[in-house]
$ cat work-v6.txt   # compact mmCIF, N, CA and C atoms and all ligand atoms
# COMPACT_ATOMS: atom_id res chain seq x y z
N MET H 1 15.64 -7.62 -4.08
CA MET H 1 15.06 -8.95 -3.81
C MET H 1 14.56 -9.55 -5.12
N GLU H 2 15.14 -10.67 -5.51
CA GLU H 2 14.75 -11.32 -6.76
C GLU H 2 13.36 -11.93 -6.62
N ASP H 3 12.65 -11.95 -7.74
CA ASP H 3 11.34 -12.61 -7.80
C ASP H 3 10.32 -12.04 -6.83
N CYS H 4 10.47 -10.80 -6.47
CA CYS H 4 9.44 -10.14 -5.67
C CYS H 4 8.65 -9.22 -6.60
N LEU H 5 7.36 -9.50 -6.74
CA LEU H 5 6.51 -8.74 -7.66
C LEU H 5 6.57 -7.23 -7.36
N PHE H 6 6.45 -6.87 -6.09
CA PHE H 6 6.38 -5.44 -5.78
C PHE H 6 7.75 -4.77 -5.87
N CYS H 7 8.85 -5.50 -5.67
CA CYS H 7 10.17 -4.93 -5.97
C CYS H 7 10.26 -4.62 -7.46
N LYS H 8 9.79 -5.55 -8.29
CA LYS H 8 9.87 -5.36 -9.74
C LYS H 8 9.01 -4.18 -10.19
N ILE H 9 7.85 -4.02 -9.59
CA ILE H 9 7.01 -2.86 -9.91
C ILE H 9 7.70 -1.58 -9.43
N ALA H 10 8.23 -1.61 -8.21
CA ALA H 10 8.83 -0.40 -7.63
C ALA H 10 10.09 0.03 -8.38
N ASN H 11 10.85 -0.94 -8.91
CA ASN H 11 12.10 -0.55 -9.60
C ASN H 11 11.91 -0.41 -11.11
N GLY H 12 10.67 -0.55 -11.59
CA GLY H 12 10.38 -0.29 -12.99
C GLY H 12 10.55 -1.48 -13.92
N GLU H 13 10.96 -2.63 -13.35
CA GLU H 13 11.13 -3.83 -14.17
C GLU H 13 9.79 -4.28 -14.77
N ILE H 14 8.73 -4.11 -14.01
CA ILE H 14 7.37 -4.34 -14.50
C ILE H 14 6.71 -2.96 -14.58
N SER H 15 6.21 -2.62 -15.77
CA SER H 15 5.69 -1.26 -15.93
C SER H 15 4.36 -1.11 -15.20
N CYS H 16 4.17 0.08 -14.68
CA CYS H 16 3.01 0.35 -13.82
C CYS H 16 2.83 1.87 -13.79
N ASP H 17 1.59 2.32 -13.85
CA ASP H 17 1.34 3.76 -13.74
C ASP H 17 1.28 4.13 -12.26
N PHE H 18 2.30 4.82 -11.79
CA PHE H 18 2.30 5.24 -10.40
C PHE H 18 1.38 6.45 -10.22
N VAL H 19 0.64 6.46 -9.15
CA VAL H 19 -0.11 7.67 -8.79
C VAL H 19 0.74 8.54 -7.87
N TYR H 20 1.83 7.96 -7.36
CA TYR H 20 2.78 8.71 -6.52
C TYR H 20 4.12 8.00 -6.56
N GLU H 21 5.19 8.79 -6.59
CA GLU H 21 6.53 8.22 -6.46
C GLU H 21 7.46 9.25 -5.84
N ASP H 22 8.28 8.82 -4.89
CA ASP H 22 9.41 9.62 -4.42
C ASP H 22 10.59 8.66 -4.23
N GLU H 23 11.65 9.11 -3.58
CA GLU H 23 12.85 8.28 -3.48
C GLU H 23 12.64 7.03 -2.63
N ASP H 24 11.59 7.03 -1.81
CA ASP H 24 11.38 5.93 -0.87
C ASP H 24 10.13 5.09 -1.15
N ILE H 25 9.14 5.69 -1.79
CA ILE H 25 7.79 5.12 -1.81
C ILE H 25 7.20 5.19 -3.21
N VAL H 26 6.41 4.17 -3.57
CA VAL H 26 5.56 4.28 -4.76
C VAL H 26 4.12 3.94 -4.35
N ALA H 27 3.19 4.42 -5.15
CA ALA H 27 1.78 4.08 -4.97
C ALA H 27 1.16 3.90 -6.34
N PHE H 28 0.24 2.93 -6.41
CA PHE H 28 -0.44 2.64 -7.68
C PHE H 28 -1.80 2.03 -7.37
N LYS H 29 -2.63 1.95 -8.42
CA LYS H 29 -3.97 1.41 -8.24
C LYS H 29 -3.92 -0.10 -8.12
N ASP H 30 -4.70 -0.63 -7.16
CA ASP H 30 -4.79 -2.08 -7.02
C ASP H 30 -5.44 -2.66 -8.27
N ILE H 31 -4.89 -3.77 -8.74
CA ILE H 31 -5.37 -4.39 -9.98
C ILE H 31 -6.77 -4.99 -9.80
N HIS H 32 -7.14 -5.32 -8.60
CA HIS H 32 -8.49 -5.84 -8.30
C HIS H 32 -9.13 -4.96 -7.22
N PRO H 33 -9.59 -3.77 -7.64
CA PRO H 33 -10.08 -2.81 -6.63
C PRO H 33 -11.30 -3.32 -5.88
N ARG H 34 -11.28 -3.18 -4.57
CA ARG H 34 -12.37 -3.59 -3.71
C ARG H 34 -13.27 -2.41 -3.32
N ALA H 35 -12.97 -1.22 -3.88
CA ALA H 35 -13.76 -0.02 -3.59
C ALA H 35 -13.47 0.97 -4.72
N PRO H 36 -14.26 2.04 -4.83
CA PRO H 36 -14.03 3.01 -5.92
C PRO H 36 -12.60 3.56 -5.92
N VAL H 37 -12.03 3.77 -4.75
CA VAL H 37 -10.61 4.12 -4.64
C VAL H 37 -9.91 2.98 -3.91
N HIS H 38 -8.93 2.38 -4.55
CA HIS H 38 -8.16 1.31 -3.90
C HIS H 38 -6.72 1.41 -4.41
N LEU H 39 -5.88 2.04 -3.58
CA LEU H 39 -4.48 2.24 -3.94
C LEU H 39 -3.60 1.36 -3.05
N LEU H 40 -2.43 1.05 -3.55
CA LEU H 40 -1.42 0.36 -2.75
C LEU H 40 -0.22 1.29 -2.60
N LEU H 41 0.25 1.43 -1.36
CA LEU H 41 1.44 2.24 -1.08
C LEU H 41 2.51 1.32 -0.53
N LEU H 42 3.71 1.41 -1.06
CA LEU H 42 4.76 0.54 -0.57
C LEU H 42 6.13 1.19 -0.65
N PRO H 43 7.03 0.74 0.23
CA PRO H 43 8.39 1.25 0.16
C PRO H 43 9.14 0.59 -1.00
N LYS H 44 10.07 1.32 -1.60
CA LYS H 44 10.92 0.72 -2.64
C LYS H 44 11.81 -0.35 -2.03
N LYS H 45 12.18 -0.13 -0.78
CA LYS H 45 13.00 -1.11 -0.06
C LYS H 45 12.19 -2.38 0.19
N HIS H 46 12.82 -3.54 -0.04
CA HIS H 46 12.12 -4.79 0.22
C HIS H 46 12.06 -5.08 1.72
N ILE H 47 10.84 -5.11 2.23
CA ILE H 47 10.56 -5.57 3.60
C ILE H 47 9.38 -6.52 3.45
N ALA H 48 9.48 -7.72 3.99
CA ALA H 48 8.47 -8.75 3.69
C ALA H 48 7.09 -8.39 4.24
N SER H 49 7.05 -7.84 5.43
CA SER H 49 5.76 -7.46 6.03
C SER H 49 6.04 -6.55 7.22
N LEU H 50 4.98 -6.09 7.85
CA LEU H 50 5.16 -5.24 9.04
C LEU H 50 5.98 -5.97 10.10
N ALA H 51 5.86 -7.30 10.13
CA ALA H 51 6.58 -8.09 11.13
C ALA H 51 8.10 -8.01 10.95
N GLU H 52 8.55 -7.65 9.76
CA GLU H 52 10.00 -7.57 9.51
C GLU H 52 10.53 -6.14 9.63
N THR H 53 9.69 -5.18 10.01
CA THR H 53 10.20 -3.81 10.15
C THR H 53 11.00 -3.69 11.44
N THR H 54 11.90 -2.73 11.46
CA THR H 54 12.74 -2.48 12.63
C THR H 54 12.67 -0.99 12.98
N GLU H 55 13.36 -0.64 14.04
CA GLU H 55 13.40 0.77 14.44
C GLU H 55 13.91 1.66 13.31
N ALA H 56 14.77 1.11 12.47
CA ALA H 56 15.33 1.89 11.35
C ALA H 56 14.26 2.28 10.33
N ASP H 57 13.10 1.63 10.39
CA ASP H 57 12.03 1.87 9.41
C ASP H 57 10.95 2.83 9.93
N ILE H 58 11.12 3.34 11.14
CA ILE H 58 10.06 4.17 11.73
C ILE H 58 9.74 5.38 10.86
N ALA H 59 10.77 6.05 10.37
CA ALA H 59 10.52 7.24 9.54
C ALA H 59 9.82 6.86 8.24
N LEU H 60 10.22 5.75 7.66
CA LEU H 60 9.61 5.28 6.42
C LEU H 60 8.13 4.96 6.64
N LEU H 61 7.83 4.28 7.73
CA LEU H 61 6.43 3.93 8.01
C LEU H 61 5.60 5.19 8.27
N GLY H 62 6.19 6.14 8.94
CA GLY H 62 5.50 7.42 9.16
C GLY H 62 5.24 8.13 7.85
N LYS H 63 6.22 8.08 6.96
CA LYS H 63 6.07 8.75 5.66
C LYS H 63 4.96 8.11 4.84
N ILE H 64 4.85 6.80 4.91
CA ILE H 64 3.77 6.12 4.17
C ILE H 64 2.41 6.63 4.65
N ASN H 65 2.26 6.78 5.96
CA ASN H 65 1.01 7.32 6.49
C ASN H 65 0.75 8.73 5.98
N PHE H 66 1.79 9.54 5.95
CA PHE H 66 1.64 10.93 5.50
C PHE H 66 1.29 10.98 4.01
N VAL H 67 1.96 10.15 3.21
CA VAL H 67 1.64 10.09 1.77
C VAL H 67 0.21 9.61 1.57
N ALA H 68 -0.23 8.66 2.39
CA ALA H 68 -1.62 8.18 2.30
C ALA H 68 -2.60 9.33 2.53
N GLN H 69 -2.30 10.16 3.52
CA GLN H 69 -3.17 11.31 3.79
C GLN H 69 -3.24 12.22 2.56
N LYS H 70 -2.10 12.46 1.92
CA LYS H 70 -2.07 13.34 0.74
C LYS H 70 -2.80 12.70 -0.44
N LEU H 71 -2.64 11.39 -0.61
CA LEU H 71 -3.33 10.70 -1.71
C LEU H 71 -4.84 10.69 -1.47
N ALA H 72 -5.25 10.57 -0.22
CA ALA H 72 -6.67 10.63 0.10
C ALA H 72 -7.26 11.98 -0.33
N GLU H 73 -6.50 13.03 -0.14
CA GLU H 73 -6.95 14.36 -0.60
C GLU H 73 -7.02 14.38 -2.12
N GLN H 74 -5.96 13.87 -2.75
CA GLN H 74 -5.88 13.89 -4.23
C GLN H 74 -7.03 13.11 -4.86
N PHE H 75 -7.43 12.01 -4.20
CA PHE H 75 -8.49 11.16 -4.76
C PHE H 75 -9.86 11.49 -4.15
N ASN H 76 -9.91 12.64 -3.47
CA ASN H 76 -11.19 13.17 -2.96
C ASN H 76 -11.93 12.22 -2.02
N ILE H 77 -11.19 11.53 -1.19
CA ILE H 77 -11.86 10.70 -0.17
C ILE H 77 -11.50 11.18 1.23
N ASP H 78 -10.81 12.32 1.31
CA ASP H 78 -10.37 12.79 2.63
C ASP H 78 -11.55 13.22 3.49
N GLN H 79 -12.58 13.79 2.90
CA GLN H 79 -13.74 14.23 3.69
C GLN H 79 -14.70 13.08 3.96
N SER H 80 -14.89 12.22 2.98
CA SER H 80 -15.84 11.11 3.13
C SER H 80 -15.29 10.01 4.04
N GLY H 81 -13.98 9.87 4.05
CA GLY H 81 -13.34 8.88 4.93
C GLY H 81 -12.74 7.73 4.16
N TYR H 82 -11.85 7.05 4.81
CA TYR H 82 -11.10 5.98 4.14
C TYR H 82 -10.48 5.06 5.16
N ARG H 83 -9.87 4.00 4.66
CA ARG H 83 -9.20 3.02 5.52
C ARG H 83 -7.81 2.80 4.96
N LEU H 84 -6.82 2.71 5.88
CA LEU H 84 -5.44 2.39 5.51
C LEU H 84 -5.07 1.13 6.27
N LEU H 85 -4.73 0.07 5.54
CA LEU H 85 -4.45 -1.18 6.26
C LEU H 85 -3.34 -1.97 5.59
N THR H 86 -2.66 -2.73 6.42
CA THR H 86 -1.64 -3.63 5.91
C THR H 86 -1.93 -5.04 6.41
N ASN H 87 -1.86 -6.01 5.52
CA ASN H 87 -1.99 -7.40 5.92
C ASN H 87 -0.61 -7.93 6.27
N CYS H 88 -0.54 -8.70 7.36
CA CYS H 88 0.74 -9.19 7.84
C CYS H 88 0.67 -10.71 8.06
N ARG H 89 1.36 -11.41 7.19
CA ARG H 89 1.53 -12.87 7.29
C ARG H 89 0.20 -13.64 7.12
N GLY H 90 0.25 -14.91 7.42
CA GLY H 90 -0.75 -15.87 6.99
C GLY H 90 -2.19 -15.59 7.35
N ASP H 91 -2.48 -15.37 8.62
CA ASP H 91 -3.88 -15.23 9.02
C ASP H 91 -4.54 -13.98 8.45
N SER H 92 -3.74 -13.01 8.03
CA SER H 92 -4.30 -11.78 7.44
C SER H 92 -4.67 -11.98 5.98
N GLY H 93 -4.15 -13.06 5.38
CA GLY H 93 -4.35 -13.27 3.95
C GLY H 93 -3.37 -12.52 3.09
N GLN H 94 -2.26 -12.07 3.67
CA GLN H 94 -1.24 -11.37 2.87
C GLN H 94 -0.81 -12.24 1.70
N GLU H 95 -0.96 -11.69 0.49
CA GLU H 95 -0.65 -12.44 -0.72
C GLU H 95 0.73 -12.10 -1.26
N VAL H 96 1.11 -10.84 -1.15
CA VAL H 96 2.39 -10.40 -1.72
C VAL H 96 3.35 -10.09 -0.57
N PRO H 97 4.44 -10.86 -0.46
CA PRO H 97 5.33 -10.69 0.69
C PRO H 97 6.32 -9.54 0.53
N HIS H 98 5.79 -8.37 0.29
CA HIS H 98 6.53 -7.09 0.29
C HIS H 98 5.56 -6.11 0.91
N ILE H 99 5.94 -5.55 2.04
CA ILE H 99 4.99 -4.73 2.81
C ILE H 99 4.30 -3.69 1.93
N HIS H 100 2.98 -3.60 2.09
CA HIS H 100 2.20 -2.61 1.34
C HIS H 100 0.97 -2.26 2.16
N TYR H 101 0.51 -1.04 1.93
CA TYR H 101 -0.66 -0.52 2.63
C TYR H 101 -1.76 -0.28 1.61
N HIS H 102 -2.96 -0.80 1.91
CA HIS H 102 -4.14 -0.55 1.07
C HIS H 102 -4.78 0.76 1.55
N LEU H 103 -4.98 1.69 0.62
CA LEU H 103 -5.76 2.90 0.90
C LEU H 103 -7.08 2.74 0.15
N ILE H 104 -8.16 2.62 0.93
CA ILE H 104 -9.45 2.22 0.39
C ILE H 104 -10.50 3.24 0.78
N GLY H 105 -11.33 3.61 -0.17
CA GLY H 105 -12.42 4.53 0.13
C GLY H 105 -13.29 4.78 -1.08
N GLY H 106 -14.19 5.75 -0.93
CA GLY H 106 -15.05 6.11 -2.06
C GLY H 106 -16.46 5.60 -1.92
N HIS H 107 -16.70 4.73 -0.95
CA HIS H 107 -18.06 4.36 -0.56
C HIS H 107 -18.01 3.89 0.89
N PHE H 108 -19.17 3.63 1.48
CA PHE H 108 -19.19 3.21 2.89
C PHE H 108 -18.52 1.85 3.00
N LEU H 109 -17.56 1.75 3.90
CA LEU H 109 -16.74 0.54 3.96
C LEU H 109 -17.31 -0.52 4.90
N GLY H 110 -18.22 -0.14 5.76
CA GLY H 110 -18.84 -1.13 6.62
C GLY H 110 -17.93 -1.61 7.73
N ALA H 111 -18.31 -2.75 8.28
CA ALA H 111 -17.56 -3.29 9.41
C ALA H 111 -16.16 -3.67 8.98
N PHE H 112 -15.25 -3.56 9.89
CA PHE H 112 -13.85 -3.82 9.59
C PHE H 112 -13.59 -5.30 9.34
N THR H 113 -14.23 -6.15 10.14
CA THR H 113 -13.90 -7.58 10.04
C THR H 113 -15.12 -8.40 9.69
N GLU H 114 -14.86 -9.53 9.11
CA GLU H 114 -15.90 -10.54 8.91
C GLU H 114 -15.49 -11.74 9.75
N GLU H 115 -16.44 -12.21 10.53
CA GLU H 115 -16.11 -13.36 11.40
C GLU H 115 -16.04 -14.62 10.57
P1 LIG V 201 -2.42 -8.49 0.11
O1 LIG V 201 -3.48 -9.55 0.12
O2 LIG V 201 -2.56 -7.51 1.24
O3 LIG V 201 -1.03 -9.08 -0.04
O4 LIG V 201 -2.73 -7.61 -1.16
C1 LIG V 201 -2.10 -7.78 -2.39
C2 LIG V 201 -2.84 -6.87 -3.35
O5 LIG V 201 -2.02 -6.69 -4.48
C3 LIG V 201 -4.18 -7.44 -3.83
O6 LIG V 201 -5.22 -6.51 -3.49
C4 LIG V 201 -3.99 -7.55 -5.35
O7 LIG V 201 -5.15 -7.23 -6.06
C5 LIG V 201 -2.86 -6.56 -5.61
N1 LIG V 201 -2.03 -6.82 -6.76
C6 LIG V 201 -1.41 -7.97 -7.10
N2 LIG V 201 -0.70 -7.82 -8.24
C7 LIG V 201 -0.86 -6.53 -8.63
C8 LIG V 201 -0.37 -5.75 -9.71
N3 LIG V 201 0.42 -6.27 -10.67
N4 LIG V 201 -0.75 -4.45 -9.79
C9 LIG V 201 -1.56 -3.93 -8.87
N5 LIG V 201 -2.04 -4.61 -7.81
C10 LIG V 201 -1.71 -5.89 -7.69
ZN ZN V 202 10.09 -6.82 -2.60

$ encode --input "work-v6.txt" --output "structure tokens" --more "lines below"
Ligand code: AMP
Ligand code: ZN
Amino acid sequence: MEDCLFCKIANGEISCDFVYEDEDIVAFKDIHPRAPVHLLLLPKKHIASLAETTEADIALLGKINFVAQKLAEQFNIDQSGYRLLTNCRGDSGQEVPHIHYHLIGGHFLGAFTEE
């Protein structure tokens, strides 16, 4: 996908220190961390958001969850707790139209939503 920031990061066109990489997934630190640990996990495959996933992506989405669990251990937030979330389309405030999951933790996260 041309002109997709996260495709360019995932394929190495834009340099980035990955905290995790395999054939399907990369993870790196969010450039504007909202908590002591704030990672982004995303598939190398371009998918605009959760709304564009299909049955063919079920294994990939499951793997992202599993990698998140392992990264939570690696970043020592597995015992204290963490949040894994994806923003989907306009009302969520999704800024980058390439599906990604925020793994956030390292302090008390408080209420999930702000009215
Ligand atoms: P969202 O609002 O869910 O689309 O989140 C996009 C996230 O990507 C934000 O938390 C940004 O801080 C983060 N972000 C944008 N550009 C970069 C970048 N070059 N490297 C790391 N994180 C980024
Ligand atoms: Zn993309």

$ residues_near_ligand --input "work-v6.txt" --ligand "ligand ZN 202 (chain V)" --cutoff "5 Å" --atoms "all atoms listed in the file" --output "ChimeraX atom specification"
/H:4,6-7,46,98

$ write_last_selection --input "work-v6.txt" --atoms "N, CA and C atoms" --output "PDB file, in the frame of the given file"
ATOM      1  N   CYS H   4      10.470 -10.800  -6.470  1.00  0.00           N
ATOM      2  CA  CYS H   4       9.440 -10.140  -5.670  1.00  0.00           C
ATOM      3  C   CYS H   4       8.650  -9.220  -6.600  1.00  0.00           C
ATOM      4  N   PHE H   6       6.450  -6.870  -6.090  1.00  0.00           N
ATOM      5  CA  PHE H   6       6.380  -5.440  -5.780  1.00  0.00           C
ATOM      6  C   PHE H   6       7.750  -4.770  -5.870  1.00  0.00           C
ATOM      7  N   CYS H   7       8.850  -5.500  -5.670  1.00  0.00           N
ATOM      8  CA  CYS H   7      10.170  -4.930  -5.970  1.00  0.00           C
ATOM      9  C   CYS H   7      10.260  -4.620  -7.460  1.00  0.00           C
ATOM     10  N   HIS H  46      12.820  -3.540  -0.040  1.00  0.00           N
ATOM     11  CA  HIS H  46      12.120  -4.790   0.220  1.00  0.00           C
ATOM     12  C   HIS H  46      12.060  -5.080   1.720  1.00  0.00           C
ATOM     13  N   HIS H  98       5.790  -8.370   0.290  1.00  0.00           N
ATOM     14  CA  HIS H  98       6.530  -7.090   0.290  1.00  0.00           C
ATOM     15  C   HIS H  98       5.560  -6.110   0.910  1.00  0.00           C
TER      16      HIS H  98
END

$ atom_distance --input "work-v6.txt" --atom1 "atom C7 of ligand LIG 201 (chain V)" --atom2 "CA of Ile31 (chain H)"
5.2 Å

$ closest_residue --input "work-v6.txt" --among "H:Asp22, H:Asp30, H:Glu55, H:Glu73" --to "ligand LIG 201 (chain V)" --atoms "only N, CA and C atoms and all ligand atoms"
H:Asp30

$ atom_distance --input "work-v6.txt" --atom1 "atom O1 of ligand LIG 201 (chain V)" --atom2 "CA of Asn87 (chain H)"
6.4 Å

$ select_by_dssp --input "work-v6.txt" --residues "region 3-63 of chain H" --states "strand (DSSP E or B)" --output "list in words"
Phe18, Val19, Tyr20, Glu21, Ile25, Val26, Ala27, Phe28, Lys29, Val37, His38, Leu39, Leu40, Leu41, Leu42 and Pro43 of chain H

$ closest_residue --input "work-v6.txt" --among "H:Leu40, H:Leu61, H:Met1, H:Ala68" --to "ligand LIG 201 (chain V)" --atoms "all atoms listed in the file"
H:Leu40

$ atom_distance --input "work-v6.txt" --atom1 "atom C of Ala51 (chain H)" --atom2 "atom C of Ile99 (chain H)"
10.7 Å

$ axis_aligned_box --input "work-v6.txt" --around "ligand LIG 201 (chain V)" --padding-each-side "6 Å" --output "lines of an AutoDock Vina configuration file"
center_x = -2.4
center_y = -6.7
center_z = -4.7
size_x = 17.6
size_y = 17.6
size_z = 23.9

$ closest_residue --input "work-v6.txt" --among "H:Asn11, H:Gln74, H:Asn65, H:Phe28" --to "Lys44 (chain H)" --atoms "only N, CA and C atoms"
H:Asn11

$ closest_atom_pairs --input "work-v6.txt" --of "chain H" --to "ligand LIG 201 (chain V)" --cutoff "7 Å" --atoms "only C-alpha atoms and all ligand atoms" --output "JSON lines"
{"residue": "H:Phe28", "atom": "CA", "partner": "V:LIG201", "partner_atom": "C9", "distance": 6.8}
{"residue": "H:Lys29", "atom": "CA", "partner": "V:LIG201", "partner_atom": "C9", "distance": 5.9}
{"residue": "H:Asp30", "atom": "CA", "partner": "V:LIG201", "partner_atom": "N5", "distance": 3.8}
{"residue": "H:Ile31", "atom": "CA", "partner": "V:LIG201", "partner_atom": "N5", "distance": 4.0}
{"residue": "H:His32", "atom": "CA", "partner": "V:LIG201", "partner_atom": "O7", "distance": 4.3}
{"residue": "H:Pro33", "atom": "CA", "partner": "V:LIG201", "partner_atom": "O7", "distance": 6.6}
{"residue": "H:Thr86", "atom": "CA", "partner": "V:LIG201", "partner_atom": "O2", "distance": 6.1}
{"residue": "H:Asn87", "atom": "CA", "partner": "V:LIG201", "partner_atom": "O2", "distance": 4.7}
{"residue": "H:Gly93", "atom": "CA", "partner": "V:LIG201", "partner_atom": "O1", "distance": 5.4}
{"residue": "H:Gln94", "atom": "CA", "partner": "V:LIG201", "partner_atom": "O3", "distance": 3.7}
{"residue": "H:Glu95", "atom": "CA", "partner": "V:LIG201", "partner_atom": "O3", "distance": 3.4}
{"residue": "H:Val96", "atom": "CA", "partner": "V:LIG201", "partner_atom": "O3", "distance": 4.0}
{"residue": "H:Pro97", "atom": "CA", "partner": "V:LIG201", "partner_atom": "O3", "distance": 6.6}
{"residue": "H:His100", "atom": "CA", "partner": "V:LIG201", "partner_atom": "O2", "distance": 6.8}
